[in-house]
$ cat coords.cif   # mmCIF, N, CA and C atoms
data_final
#
loop_
_atom_site.label_atom_id
_atom_site.label_comp_id
_atom_site.auth_asym_id
_atom_site.auth_seq_id
_atom_site.Cartn_x
_atom_site.Cartn_y
_atom_site.Cartn_z
N GLY A 140 38.44 11.44 -13.67
CA GLY A 140 39.19 12.64 -13.90
C GLY A 140 39.75 13.24 -12.62
N THR A 141 39.51 12.65 -11.46
CA THR A 141 40.00 13.19 -10.20
C THR A 141 41.35 12.58 -9.87
N THR A 142 42.27 13.41 -9.42
CA THR A 142 43.57 12.91 -8.97
C THR A 142 43.47 12.62 -7.49
N LEU A 143 43.81 11.39 -7.10
CA LEU A 143 43.74 11.01 -5.69
C LEU A 143 45.14 11.01 -5.10
N ALA A 144 45.29 11.78 -4.05
CA ALA A 144 46.55 11.78 -3.31
C ALA A 144 46.66 10.47 -2.55
N PRO A 145 47.88 10.03 -2.20
CA PRO A 145 48.04 8.79 -1.44
C PRO A 145 47.17 8.81 -0.17
N GLY A 146 46.44 7.72 0.06
CA GLY A 146 45.60 7.59 1.25
C GLY A 146 44.23 8.25 1.12
N LYS A 147 43.96 8.92 0.03
CA LYS A 147 42.67 9.59 -0.17
C LYS A 147 41.72 8.65 -0.93
N ALA A 148 40.45 9.00 -0.95
CA ALA A 148 39.44 8.14 -1.57
C ALA A 148 38.46 8.96 -2.38
N CYS A 149 37.82 8.30 -3.29
CA CYS A 149 36.67 8.86 -3.97
C CYS A 149 35.54 7.82 -3.83
N HIS A 150 34.35 8.18 -4.27
CA HIS A 150 33.21 7.30 -4.00
C HIS A 150 32.33 7.14 -5.24
N MET A 151 31.71 5.97 -5.31
CA MET A 151 30.65 5.71 -6.28
C MET A 151 29.36 5.64 -5.46
N PHE A 152 28.28 6.23 -5.96
CA PHE A 152 27.03 6.25 -5.22
C PHE A 152 25.95 5.51 -6.00
N TYR A 153 25.17 4.73 -5.28
CA TYR A 153 24.06 4.00 -5.88
C TYR A 153 22.81 4.24 -5.05
N ALA A 154 21.67 4.25 -5.70
CA ALA A 154 20.39 4.41 -5.02
C ALA A 154 19.45 3.32 -5.52
N PHE A 155 18.46 3.00 -4.73
CA PHE A 155 17.50 1.95 -5.06
C PHE A 155 16.11 2.57 -5.17
N THR A 156 15.50 2.45 -6.34
CA THR A 156 14.13 2.92 -6.57
C THR A 156 13.34 1.75 -7.14
N PRO A 157 12.72 0.95 -6.26
CA PRO A 157 12.02 -0.25 -6.74
C PRO A 157 10.80 0.11 -7.58
N ALA A 158 10.54 -0.72 -8.58
CA ALA A 158 9.38 -0.53 -9.45
C ALA A 158 8.22 -1.41 -9.01
N ALA A 159 8.49 -2.36 -8.11
CA ALA A 159 7.44 -3.28 -7.66
C ALA A 159 7.76 -3.74 -6.24
N VAL A 160 6.76 -4.33 -5.59
CA VAL A 160 6.95 -4.89 -4.25
C VAL A 160 7.68 -6.22 -4.39
N GLY A 161 8.69 -6.43 -3.54
CA GLY A 161 9.40 -7.71 -3.53
C GLY A 161 10.89 -7.54 -3.64
N ALA A 162 11.57 -8.69 -3.60
CA ALA A 162 13.04 -8.72 -3.64
C ALA A 162 13.55 -8.33 -5.03
N VAL A 163 14.65 -7.58 -5.03
CA VAL A 163 15.31 -7.17 -6.27
C VAL A 163 16.80 -7.40 -6.09
N HIS A 164 17.42 -7.97 -7.12
CA HIS A 164 18.87 -8.22 -7.09
C HIS A 164 19.48 -7.57 -8.32
N GLY A 165 20.66 -7.07 -8.18
CA GLY A 165 21.34 -6.45 -9.31
C GLY A 165 22.84 -6.51 -9.12
N SER A 166 23.57 -6.19 -10.17
CA SER A 166 25.03 -6.17 -10.08
C SER A 166 25.58 -5.25 -11.15
N THR A 167 26.80 -4.88 -10.95
CA THR A 167 27.54 -4.10 -11.94
C THR A 167 29.01 -4.44 -11.81
N ASN A 168 29.77 -4.16 -12.84
CA ASN A 168 31.22 -4.35 -12.76
C ASN A 168 31.88 -3.35 -13.68
N GLY A 169 33.15 -3.23 -13.53
CA GLY A 169 33.91 -2.28 -14.33
C GLY A 169 35.36 -2.26 -13.89
N THR A 170 36.05 -1.20 -14.25
CA THR A 170 37.45 -1.06 -13.84
C THR A 170 37.73 0.38 -13.44
N TRP A 171 38.62 0.54 -12.51
CA TRP A 171 39.19 1.85 -12.14
C TRP A 171 40.68 1.73 -12.36
N ASN A 172 41.19 2.52 -13.30
CA ASN A 172 42.62 2.50 -13.62
C ASN A 172 43.13 1.09 -13.83
N GLY A 173 42.34 0.26 -14.51
CA GLY A 173 42.74 -1.10 -14.83
C GLY A 173 42.44 -2.12 -13.75
N GLN A 174 42.01 -1.70 -12.57
CA GLN A 174 41.67 -2.66 -11.50
C GLN A 174 40.18 -2.98 -11.58
N ALA A 175 39.88 -4.26 -11.75
CA ALA A 175 38.49 -4.69 -11.91
C ALA A 175 37.74 -4.63 -10.58
N PHE A 176 36.46 -4.34 -10.68
CA PHE A 176 35.58 -4.44 -9.51
C PHE A 176 34.26 -5.06 -9.95
N SER A 177 33.61 -5.68 -8.99
CA SER A 177 32.30 -6.28 -9.22
C SER A 177 31.46 -6.03 -7.98
N LEU A 178 30.27 -5.45 -8.15
CA LEU A 178 29.40 -5.13 -7.02
C LEU A 178 28.07 -5.85 -7.18
N HIS A 179 27.54 -6.31 -6.07
CA HIS A 179 26.24 -6.98 -6.07
C HIS A 179 25.31 -6.23 -5.12
N PHE A 180 24.07 -6.05 -5.53
CA PHE A 180 23.10 -5.29 -4.76
C PHE A 180 21.85 -6.14 -4.49
N THR A 181 21.26 -5.91 -3.35
CA THR A 181 19.96 -6.50 -3.05
C THR A 181 19.10 -5.43 -2.38
N GLY A 182 17.84 -5.51 -2.60
CA GLY A 182 16.89 -4.58 -1.97
C GLY A 182 15.53 -5.23 -1.93
N PHE A 183 14.63 -4.63 -1.22
CA PHE A 183 13.27 -5.16 -1.15
C PHE A 183 12.32 -3.99 -1.30
N GLY A 184 11.54 -4.01 -2.36
CA GLY A 184 10.55 -2.97 -2.59
C GLY A 184 9.37 -3.17 -1.65
N THR A 185 9.01 -2.14 -0.93
CA THR A 185 7.87 -2.22 -0.01
C THR A 185 6.69 -1.47 -0.62
N PRO A 186 5.48 -1.81 -0.20
CA PRO A 186 4.31 -1.09 -0.74
C PRO A 186 4.32 0.36 -0.29
N GLN A 187 3.72 1.22 -1.09
CA GLN A 187 3.63 2.63 -0.73
C GLN A 187 2.63 2.83 0.39
N PHE A 188 1.58 1.97 0.42
CA PHE A 188 0.52 2.13 1.42
C PHE A 188 0.32 0.84 2.19
N LEU A 189 0.01 0.97 3.46
CA LEU A 189 -0.44 -0.14 4.29
C LEU A 189 -1.96 -0.03 4.34
N ILE A 190 -2.66 -1.05 3.83
CA ILE A 190 -4.12 -1.03 3.76
C ILE A 190 -4.64 -2.12 4.69
N THR A 191 -5.25 -1.72 5.82
CA THR A 191 -5.70 -2.68 6.83
C THR A 191 -7.01 -2.23 7.45
N PRO A 192 -7.81 -3.17 7.94
CA PRO A 192 -7.70 -4.62 7.71
C PRO A 192 -8.14 -4.97 6.29
N GLU A 193 -7.97 -6.22 5.92
CA GLU A 193 -8.36 -6.67 4.58
C GLU A 193 -9.72 -7.37 4.59
N SER A 194 -10.31 -7.54 5.77
CA SER A 194 -11.65 -8.14 5.85
C SER A 194 -12.43 -7.51 6.99
N LEU A 195 -13.74 -7.43 6.79
CA LEU A 195 -14.64 -6.87 7.80
C LEU A 195 -15.78 -7.85 8.04
N ALA A 196 -16.14 -8.03 9.32
CA ALA A 196 -17.29 -8.87 9.69
C ALA A 196 -18.30 -7.98 10.40
N PHE A 197 -19.54 -7.97 9.90
CA PHE A 197 -20.58 -7.07 10.41
C PHE A 197 -21.55 -7.75 11.38
N GLY A 198 -21.45 -9.06 11.53
CA GLY A 198 -22.33 -9.75 12.47
C GLY A 198 -23.76 -9.77 12.00
N ASN A 199 -24.69 -9.83 12.95
CA ASN A 199 -26.13 -9.90 12.67
C ASN A 199 -26.72 -8.50 12.56
N VAL A 200 -27.44 -8.27 11.47
CA VAL A 200 -28.08 -6.97 11.23
C VAL A 200 -29.50 -7.24 10.74
N LYS A 201 -30.46 -6.55 11.31
CA LYS A 201 -31.85 -6.72 10.91
C LYS A 201 -32.04 -6.28 9.46
N VAL A 202 -32.78 -7.10 8.69
CA VAL A 202 -33.05 -6.81 7.29
C VAL A 202 -33.66 -5.40 7.17
N GLY A 203 -33.13 -4.63 6.22
CA GLY A 203 -33.60 -3.27 5.99
C GLY A 203 -32.94 -2.22 6.86
N HIS A 204 -32.13 -2.64 7.82
CA HIS A 204 -31.39 -1.71 8.67
C HIS A 204 -29.92 -1.68 8.22
N THR A 205 -29.18 -0.73 8.74
CA THR A 205 -27.77 -0.60 8.38
C THR A 205 -26.91 -0.77 9.62
N SER A 206 -25.86 -1.56 9.49
CA SER A 206 -24.91 -1.80 10.59
C SER A 206 -24.13 -0.53 10.93
N LYS A 207 -23.43 -0.61 12.01
CA LYS A 207 -22.46 0.43 12.37
C LYS A 207 -21.36 0.42 11.29
N GLN A 208 -20.91 1.59 10.91
CA GLN A 208 -19.89 1.73 9.89
C GLN A 208 -18.54 1.22 10.41
N GLN A 209 -17.79 0.55 9.55
CA GLN A 209 -16.42 0.12 9.86
C GLN A 209 -15.49 0.74 8.82
N SER A 210 -14.21 0.82 9.14
CA SER A 210 -13.29 1.50 8.22
C SER A 210 -12.06 0.66 7.90
N ILE A 211 -11.52 0.94 6.73
CA ILE A 211 -10.26 0.41 6.25
C ILE A 211 -9.29 1.59 6.22
N LYS A 212 -8.13 1.41 6.82
CA LYS A 212 -7.13 2.49 6.91
C LYS A 212 -6.11 2.35 5.78
N ILE A 213 -5.84 3.45 5.09
CA ILE A 213 -4.81 3.51 4.05
C ILE A 213 -3.74 4.46 4.56
N GLN A 214 -2.59 3.91 4.97
CA GLN A 214 -1.51 4.71 5.56
C GLN A 214 -0.36 4.84 4.58
N ASN A 215 0.14 6.06 4.42
CA ASN A 215 1.27 6.33 3.53
C ASN A 215 2.57 5.89 4.20
N LEU A 216 3.20 4.84 3.66
CA LEU A 216 4.47 4.34 4.19
C LEU A 216 5.68 5.00 3.54
N ALA A 217 5.45 5.75 2.47
CA ALA A 217 6.55 6.37 1.73
C ALA A 217 7.13 7.55 2.51
N ASN A 218 8.29 7.98 2.10
CA ASN A 218 8.93 9.12 2.77
C ASN A 218 8.63 10.44 2.07
N LYS A 219 7.58 10.44 1.25
CA LYS A 219 7.16 11.67 0.58
C LYS A 219 5.63 11.71 0.53
N PRO A 220 5.06 12.90 0.42
CA PRO A 220 3.60 13.01 0.35
C PRO A 220 3.05 12.33 -0.90
N ALA A 221 1.79 11.88 -0.82
CA ALA A 221 1.13 11.24 -1.95
C ALA A 221 -0.24 11.87 -2.16
N VAL A 222 -0.50 12.33 -3.38
CA VAL A 222 -1.83 12.81 -3.74
C VAL A 222 -2.63 11.58 -4.12
N MET A 223 -3.71 11.32 -3.40
CA MET A 223 -4.44 10.07 -3.52
C MET A 223 -5.33 10.04 -4.76
N SER A 224 -5.19 8.95 -5.50
CA SER A 224 -6.01 8.71 -6.68
C SER A 224 -6.42 7.24 -6.66
N GLY A 225 -7.72 6.99 -6.51
CA GLY A 225 -8.19 5.61 -6.37
C GLY A 225 -9.21 5.23 -7.40
N ALA A 226 -9.39 3.91 -7.55
CA ALA A 226 -10.41 3.35 -8.42
C ALA A 226 -10.93 2.08 -7.76
N GLY A 227 -12.22 1.80 -7.96
CA GLY A 227 -12.83 0.59 -7.41
C GLY A 227 -13.23 0.78 -5.96
N GLY A 228 -13.56 -0.33 -5.30
CA GLY A 228 -13.85 -0.30 -3.88
C GLY A 228 -15.33 -0.34 -3.52
N GLY A 229 -16.25 -0.22 -4.49
CA GLY A 229 -17.67 -0.34 -4.20
C GLY A 229 -18.00 -1.77 -3.78
N ALA A 230 -19.02 -1.95 -2.93
CA ALA A 230 -19.25 -3.29 -2.39
C ALA A 230 -20.72 -3.67 -2.23
N GLY A 231 -21.62 -3.19 -3.06
CA GLY A 231 -23.02 -3.61 -3.03
C GLY A 231 -23.68 -3.38 -1.68
N VAL A 232 -24.23 -4.44 -1.09
CA VAL A 232 -24.94 -4.31 0.20
C VAL A 232 -24.01 -3.93 1.34
N PHE A 233 -22.70 -3.90 1.10
CA PHE A 233 -21.75 -3.47 2.11
C PHE A 233 -21.37 -2.00 1.92
N GLY A 234 -21.98 -1.35 0.94
CA GLY A 234 -21.77 0.09 0.74
C GLY A 234 -20.36 0.41 0.30
N GLY A 235 -19.93 1.57 0.62
CA GLY A 235 -18.58 2.00 0.29
C GLY A 235 -18.50 3.49 0.10
N ALA A 236 -17.65 4.12 0.86
CA ALA A 236 -17.35 5.55 0.76
C ALA A 236 -15.91 5.72 1.21
N GLN A 237 -15.34 6.87 0.95
CA GLN A 237 -13.95 7.09 1.37
C GLN A 237 -13.68 8.58 1.53
N ASP A 238 -12.60 8.89 2.25
CA ASP A 238 -12.20 10.28 2.45
C ASP A 238 -10.79 10.52 1.88
N CYS A 239 -10.40 9.72 0.90
CA CYS A 239 -9.04 9.75 0.37
C CYS A 239 -8.88 10.52 -0.94
N GLN A 240 -9.78 10.30 -1.89
CA GLN A 240 -9.62 10.79 -3.26
C GLN A 240 -9.26 12.27 -3.29
N GLY A 241 -8.12 12.58 -3.93
CA GLY A 241 -7.69 13.96 -4.10
C GLY A 241 -6.97 14.57 -2.92
N THR A 242 -6.96 13.88 -1.78
CA THR A 242 -6.25 14.44 -0.62
C THR A 242 -4.75 14.16 -0.74
N THR A 243 -3.97 14.93 -0.03
CA THR A 243 -2.53 14.71 0.02
C THR A 243 -2.20 14.10 1.36
N LEU A 244 -1.65 12.86 1.33
CA LEU A 244 -1.25 12.18 2.56
C LEU A 244 0.22 12.41 2.81
N ALA A 245 0.54 13.05 3.91
CA ALA A 245 1.93 13.22 4.32
C ALA A 245 2.48 11.86 4.75
N PRO A 246 3.79 11.69 4.76
CA PRO A 246 4.36 10.42 5.22
C PRO A 246 3.81 10.05 6.60
N GLY A 247 3.38 8.79 6.74
CA GLY A 247 2.85 8.29 8.00
C GLY A 247 1.39 8.59 8.25
N LYS A 248 0.79 9.47 7.46
CA LYS A 248 -0.62 9.84 7.66
C LYS A 248 -1.52 8.85 6.93
N ALA A 249 -2.83 8.89 7.28
CA ALA A 249 -3.77 7.92 6.72
C ALA A 249 -5.08 8.58 6.31
N CYS A 250 -5.77 7.91 5.41
CA CYS A 250 -7.15 8.22 5.08
C CYS A 250 -7.91 6.90 5.17
N HIS A 251 -9.20 6.91 4.85
CA HIS A 251 -10.02 5.73 5.13
C HIS A 251 -11.04 5.43 4.05
N MET A 252 -11.39 4.16 3.95
CA MET A 252 -12.55 3.70 3.20
C MET A 252 -13.55 3.22 4.25
N PHE A 253 -14.83 3.50 4.06
CA PHE A 253 -15.86 3.18 5.04
C PHE A 253 -16.88 2.23 4.44
N TYR A 254 -17.28 1.23 5.24
CA TYR A 254 -18.26 0.25 4.79
C TYR A 254 -19.28 -0.01 5.89
N ALA A 255 -20.51 -0.31 5.49
CA ALA A 255 -21.58 -0.70 6.40
C ALA A 255 -22.44 -1.72 5.67
N PHE A 256 -23.07 -2.60 6.42
CA PHE A 256 -23.87 -3.69 5.86
C PHE A 256 -25.36 -3.37 5.97
N THR A 257 -26.06 -3.41 4.83
CA THR A 257 -27.51 -3.21 4.80
C THR A 257 -28.13 -4.44 4.13
N PRO A 258 -28.49 -5.46 4.93
CA PRO A 258 -29.02 -6.69 4.33
C PRO A 258 -30.40 -6.47 3.71
N THR A 259 -30.62 -7.17 2.60
CA THR A 259 -31.92 -7.09 1.92
C THR A 259 -32.73 -8.37 2.12
N ALA A 260 -32.11 -9.40 2.73
CA ALA A 260 -32.80 -10.66 2.97
C ALA A 260 -32.17 -11.36 4.18
N VAL A 261 -32.89 -12.33 4.73
CA VAL A 261 -32.37 -13.14 5.83
C VAL A 261 -31.29 -14.07 5.29
N GLY A 262 -30.19 -14.20 6.04
CA GLY A 262 -29.12 -15.13 5.67
C GLY A 262 -27.76 -14.45 5.65
N THR A 263 -26.75 -15.29 5.56
CA THR A 263 -25.37 -14.80 5.55
C THR A 263 -24.97 -14.36 4.14
N VAL A 264 -24.33 -13.23 4.08
CA VAL A 264 -23.88 -12.65 2.81
C VAL A 264 -22.37 -12.48 2.87
N HIS A 265 -21.70 -12.95 1.83
CA HIS A 265 -20.26 -12.74 1.67
C HIS A 265 -20.06 -11.79 0.50
N GLY A 266 -19.15 -10.87 0.63
CA GLY A 266 -18.87 -9.93 -0.44
C GLY A 266 -17.39 -9.66 -0.56
N SER A 267 -17.03 -9.06 -1.65
CA SER A 267 -15.62 -8.68 -1.85
C SER A 267 -15.57 -7.48 -2.79
N THR A 268 -14.47 -6.83 -2.76
CA THR A 268 -14.21 -5.74 -3.68
C THR A 268 -12.72 -5.62 -3.88
N ASN A 269 -12.34 -4.96 -4.93
CA ASN A 269 -10.92 -4.67 -5.14
C ASN A 269 -10.82 -3.34 -5.87
N GLY A 270 -9.62 -2.85 -5.92
CA GLY A 270 -9.36 -1.57 -6.56
C GLY A 270 -7.91 -1.20 -6.40
N THR A 271 -7.62 0.07 -6.59
CA THR A 271 -6.24 0.55 -6.45
C THR A 271 -6.22 1.92 -5.79
N TRP A 272 -5.16 2.18 -5.10
CA TRP A 272 -4.81 3.53 -4.63
C TRP A 272 -3.45 3.84 -5.22
N ASN A 273 -3.37 4.85 -6.05
CA ASN A 273 -2.12 5.28 -6.70
C ASN A 273 -1.43 4.09 -7.37
N GLY A 274 -2.22 3.20 -7.95
CA GLY A 274 -1.66 2.05 -8.65
C GLY A 274 -1.42 0.82 -7.78
N GLN A 275 -1.49 0.96 -6.46
CA GLN A 275 -1.30 -0.19 -5.57
C GLN A 275 -2.64 -0.90 -5.39
N ALA A 276 -2.68 -2.17 -5.78
CA ALA A 276 -3.91 -2.94 -5.71
C ALA A 276 -4.29 -3.29 -4.27
N PHE A 277 -5.60 -3.36 -4.03
CA PHE A 277 -6.11 -3.88 -2.76
C PHE A 277 -7.26 -4.81 -3.05
N SER A 278 -7.51 -5.73 -2.12
CA SER A 278 -8.61 -6.67 -2.21
C SER A 278 -9.19 -6.83 -0.81
N LEU A 279 -10.50 -6.65 -0.68
CA LEU A 279 -11.17 -6.70 0.62
C LEU A 279 -12.28 -7.73 0.58
N THR A 280 -12.56 -8.35 1.74
CA THR A 280 -13.68 -9.28 1.86
C THR A 280 -14.58 -8.84 3.00
N PHE A 281 -15.88 -9.20 2.89
CA PHE A 281 -16.89 -8.80 3.86
C PHE A 281 -17.80 -9.98 4.17
N VAL A 282 -18.36 -9.99 5.38
CA VAL A 282 -19.37 -10.97 5.73
C VAL A 282 -20.34 -10.32 6.71
N GLY A 283 -21.60 -10.65 6.56
CA GLY A 283 -22.63 -10.17 7.47
C GLY A 283 -23.85 -11.08 7.36
N THR A 284 -24.68 -11.08 8.37
CA THR A 284 -25.87 -11.93 8.36
C THR A 284 -27.12 -11.09 8.55
N GLY A 285 -28.03 -11.23 7.59
CA GLY A 285 -29.33 -10.54 7.68
C GLY A 285 -30.25 -11.34 8.59
N LYS A 286 -30.85 -10.67 9.55
CA LYS A 286 -31.78 -11.30 10.49
C LYS A 286 -33.17 -10.72 10.30
N GLY A 287 -34.21 -11.59 10.51
CA GLY A 287 -35.59 -11.14 10.37
C GLY A 287 -36.09 -10.40 11.58
#
$ encode --input "coords.cif" --output "structure tokens"
Amino acid sequence: GTTLAPGKACHMFYAFTPAAVGAVHGSTNGTWNGQAFSLHFTGFGTPQFLITPESLAFGNVKVGHTSKQQSIKIQNLANKPAVMSGAGGGAGVFGGAQDCQGTTLAPGKACHMFYAFTPTAVGTVHGSTNGTWNGQAFSLTFVGTGKG
């Protein structure tokens, strides 16, 4: 409905809101005053959070004692604040606590999950856990050795 004077322009605007992590391709076509156009789009959905590291090694710990605590960092990569809502993450003899649930992470800010190893027997123990933060899945692995 806009009248364009000679040499003037109007614009079509597109935005990308990915629903998942990974490559996305799209296209559209149509006509303006009988002139056909065809547009192709590509984008890459990135995760909302950077969760690192994905594995922890606790070394040798005396049976019945608890190792020094280690942490997993959950950093907000989005350009808007996120109210944290998580599920899962418990890890048996590797414990599990966090300071994220219910907090609001500003863009670029982080919260943490904390783990420590409390061996109940002599020998190497491997563990894992998984869960989600705001719907983004994570998977962690652990290793530690109980010493007599």
$ residues_near_point --input "coords.cif" --point "(32.6, -1.7, -11.3)" --cutoff "12 Å" --atoms "only C-alpha atoms" --output "list of chain:residue names"
A:His150, A:Met151, A:Phe152, A:Tyr153, A:Ser166, A:Thr167, A:Asn168, A:Gly169, A:Thr170, A:Trp171, A:Asn172, A:Gly173, A:Gln174, A:Ala175, A:Phe176, A:Ser177, A:Leu178, A:His179
$ closest_atom_pairs --input "coords.cif" --of "region 141-208 of chain A" --to "region 214-237 of chain A" --cutoff "7 Å" --atoms "only C-alpha atoms" --output "JSON lines"
{"residue": "A:Gln187", "atom": "CA", "partner": "A:Leu216", "partner_atom": "CA", "distance": 5.3}
{"residue": "A:Phe188", "atom": "CA", "partner": "A:Asn215", "partner_atom": "CA", "distance": 4.8}
{"residue": "A:Leu189", "atom": "CA", "partner": "A:Gln214", "partner_atom": "CA", "distance": 5.1}
{"residue": "A:Ile190", "atom": "CA", "partner": "A:Gln214", "partner_atom": "CA", "distance": 6.6}
$ resolve_selection --input "coords.cif" --expression "the PyMOL selection byres ((chain A and resi 284) around 5)" --output "ChimeraX atom specification"
/A:198-200,262-264,282-283,285-286
$ write_last_selection --input "coords.cif" --atoms "N, CA and C atoms" --output "CSV table (one decimal), in the frame of the given file"
chain,number,residue,atom,x,y,z
A,198,GLY,N,-21.4,-9.1,11.5
A,198,GLY,CA,-22.3,-9.8,12.5
A,198,GLY,C,-23.8,-9.8,12.0
A,199,ASN,N,-24.7,-9.8,13.0
A,199,ASN,CA,-26.1,-9.9,12.7
A,199,ASN,C,-26.7,-8.5,12.6
A,200,VAL,N,-27.4,-8.3,11.5
A,200,VAL,CA,-28.1,-7.0,11.2
A,200,VAL,C,-29.5,-7.2,10.7
A,262,GLY,N,-30.2,-14.2,6.0
A,262,GLY,CA,-29.1,-15.1,5.7
A,262,GLY,C,-27.8,-14.4,5.6
A,263,THR,N,-26.8,-15.3,5.6
A,263,THR,CA,-25.4,-14.8,5.6
A,263,THR,C,-25.0,-14.4,4.1
A,264,VAL,N,-24.3,-13.2,4.1
A,264,VAL,CA,-23.9,-12.6,2.8
A,264,VAL,C,-22.4,-12.5,2.9
A,282,VAL,N,-18.4,-10.0,5.4
A,282,VAL,CA,-19.4,-11.0,5.7
A,282,VAL,C,-20.3,-10.3,6.7
A,283,GLY,N,-21.6,-10.6,6.6
A,283,GLY,CA,-22.6,-10.2,7.5
A,283,GLY,C,-23.8,-11.1,7.4
A,285,GLY,N,-28.0,-11.2,7.6
A,285,GLY,CA,-29.3,-10.5,7.7
A,285,GLY,C,-30.2,-11.3,8.6
A,286,LYS,N,-30.8,-10.7,9.6
A,286,LYS,CA,-31.8,-11.3,10.5
A,286,LYS,C,-33.2,-10.7,10.3
$ resolve_selection --input "coords.cif" --expression "the PyMOL selection byres ((chain A and resi 159) around 6)" --output "list in words"
Pro157, Ala158, Val160, Gly161, Gly184 and Thr185 of chain A
$ residues_around --input "coords.cif" --residues "Pro192 (chain A)" --least-positions-apart "3" --cutoff "8 Å" --atoms "only N, CA and C atoms" --output "NGL selection string"
:A and (189 or 195 or 210-213 or 278-280)
$ write_last_selection --input "coords.cif" --atoms "N, CA and C atoms" --output "JSON list (two decimals), in the frame of the given file"
[["chain", "number", "residue", "atom", "x", "y", "z"],
["A", 189, "LEU", "N", 0.01, 0.97, 3.46],
["A", 189, "LEU", "CA", -0.44, -0.14, 4.29],
["A", 189, "LEU", "C", -1.96, -0.03, 4.34],
["A", 195, "LEU", "N", -13.74, -7.43, 6.79],
["A", 195, "LEU", "CA", -14.64, -6.87, 7.80],
["A", 195, "LEU", "C", -15.78, -7.85, 8.04],
["A", 210, "SER", "N", -14.21, 0.82, 9.14],
["A", 210, "SER", "CA", -13.29, 1.50, 8.22],
["A", 210, "SER", "C", -12.06, 0.66, 7.90],
["A", 211, "ILE", "N", -11.52, 0.94, 6.73],
["A", 211, "ILE", "CA", -10.26, 0.41, 6.25],
["A", 211, "ILE", "C", -9.29, 1.59, 6.22],
["A", 212, "LYS", "N", -8.13, 1.41, 6.82],
["A", 212, "LYS", "CA", -7.13, 2.49, 6.91],
["A", 212, "LYS", "C", -6.11, 2.35, 5.78],
["A", 213, "ILE", "N", -5.84, 3.45, 5.09],
["A", 213, "ILE", "CA", -4.81, 3.51, 4.05],
["A", 213, "ILE", "C", -3.74, 4.46, 4.56],
["A", 278, "SER", "N", -7.51, -5.73, -2.12],
["A", 278, "SER", "CA", -8.61, -6.67, -2.21],
["A", 278, "SER", "C", -9.19, -6.83, -0.81],
["A", 279, "LEU", "N", -10.50, -6.65, -0.68],
["A", 279, "LEU", "CA", -11.17, -6.70, 0.62],
["A", 279, "LEU", "C", -12.28, -7.73, 0.58],
["A", 280, "THR", "N", -12.56, -8.35, 1.74],
["A", 280, "THR", "CA", -13.68, -9.28, 1.86],
["A", 280, "THR", "C", -14.58, -8.84, 3.00]]
$ atom_distance --input "coords.cif" --atom1 "atom C of Gly274 (chain A)" --atom2 "CA of Pro246 (chain A)"
17.2 Å
$ resolve_selection --input "coords.cif" --expression "the PyMOL selection byres ((chain A and resi 208) around 5)" --output "list in words"
Ser206, Lys207, Gln209, Ser210, Tyr254 and Ala255 of chain A
$ write_last_selection --input "coords.cif" --atoms "N, CA and C atoms" --output "PDB file, keeping the file's coordinate frame"
ATOM      1  N   SER A 206     -25.860  -1.560   9.490  1.00  0.00           N
ATOM      2  CA  SER A 206     -24.910  -1.800  10.590  1.00  0.00           C
ATOM      3  C   SER A 206     -24.130  -0.530  10.930  1.00  0.00           C
ATOM      4  N   LYS A 207     -23.430  -0.610  12.010  1.00  0.00           N
ATOM      5  CA  LYS A 207     -22.460   0.430  12.370  1.00  0.00           C
ATOM      6  C   LYS A 207     -21.360   0.420  11.290  1.00  0.00           C
ATOM      7  N   GLN A 209     -17.790   0.550   9.550  1.00  0.00           N
ATOM      8  CA  GLN A 209     -16.420   0.120   9.860  1.00  0.00           C
ATOM      9  C   GLN A 209     -15.490   0.740   8.820  1.00  0.00           C
ATOM     10  N   SER A 210     -14.210   0.820   9.140  1.00  0.00           N
ATOM     11  CA  SER A 210     -13.290   1.500   8.220  1.00  0.00           C
ATOM     12  C   SER A 210     -12.060   0.660   7.900  1.00  0.00           C
ATOM     13  N   TYR A 254     -17.280   1.230   5.240  1.00  0.00           N
ATOM     14  CA  TYR A 254     -18.260   0.250   4.790  1.00  0.00           C
ATOM     15  C   TYR A 254     -19.280  -0.010   5.890  1.00  0.00           C
ATOM     16  N   ALA A 255     -20.510  -0.310   5.490  1.00  0.00           N
ATOM     17  CA  ALA A 255     -21.580  -0.700   6.400  1.00  0.00           C
ATOM     18  C   ALA A 255     -22.440  -1.720   5.670  1.00  0.00           C
TER      19      ALA A 255
END
$ closest_residue --input "coords.cif" --among "A:His164, A:Phe281, A:Gly270, A:Gly140" --to "Phe197 (chain A)" --atoms "only N, CA and C atoms"
A:Phe281
$ select_by_dssp --input "coords.cif" --residues "chain A" --states "strand (DSSP E)" --output "count of residues only"
79
$ axis_aligned_box --input "coords.cif" --around "region 147-157 of chain A" --padding-each-side "3 Å" --output "lines of an AutoDock Vina configuration file"
center_x = 27.4
center_y = 4.7
center_z = -3.8
size_x = 39.2
size_y = 15.8
size_z = 13.6
$ residues_around --input "coords.cif" --residues "Cys239 (chain A)" --least-positions-apart "3" --cutoff "6 Å" --atoms "all atoms listed in the file" --output "ChimeraX atom specification"
/A:223,242,250-251
$ atom_distance --input "coords.cif" --atom1 "atom N of Lys248 (chain A)" --atom2 "atom N of Thr271 (chain A)"
18.9 Å
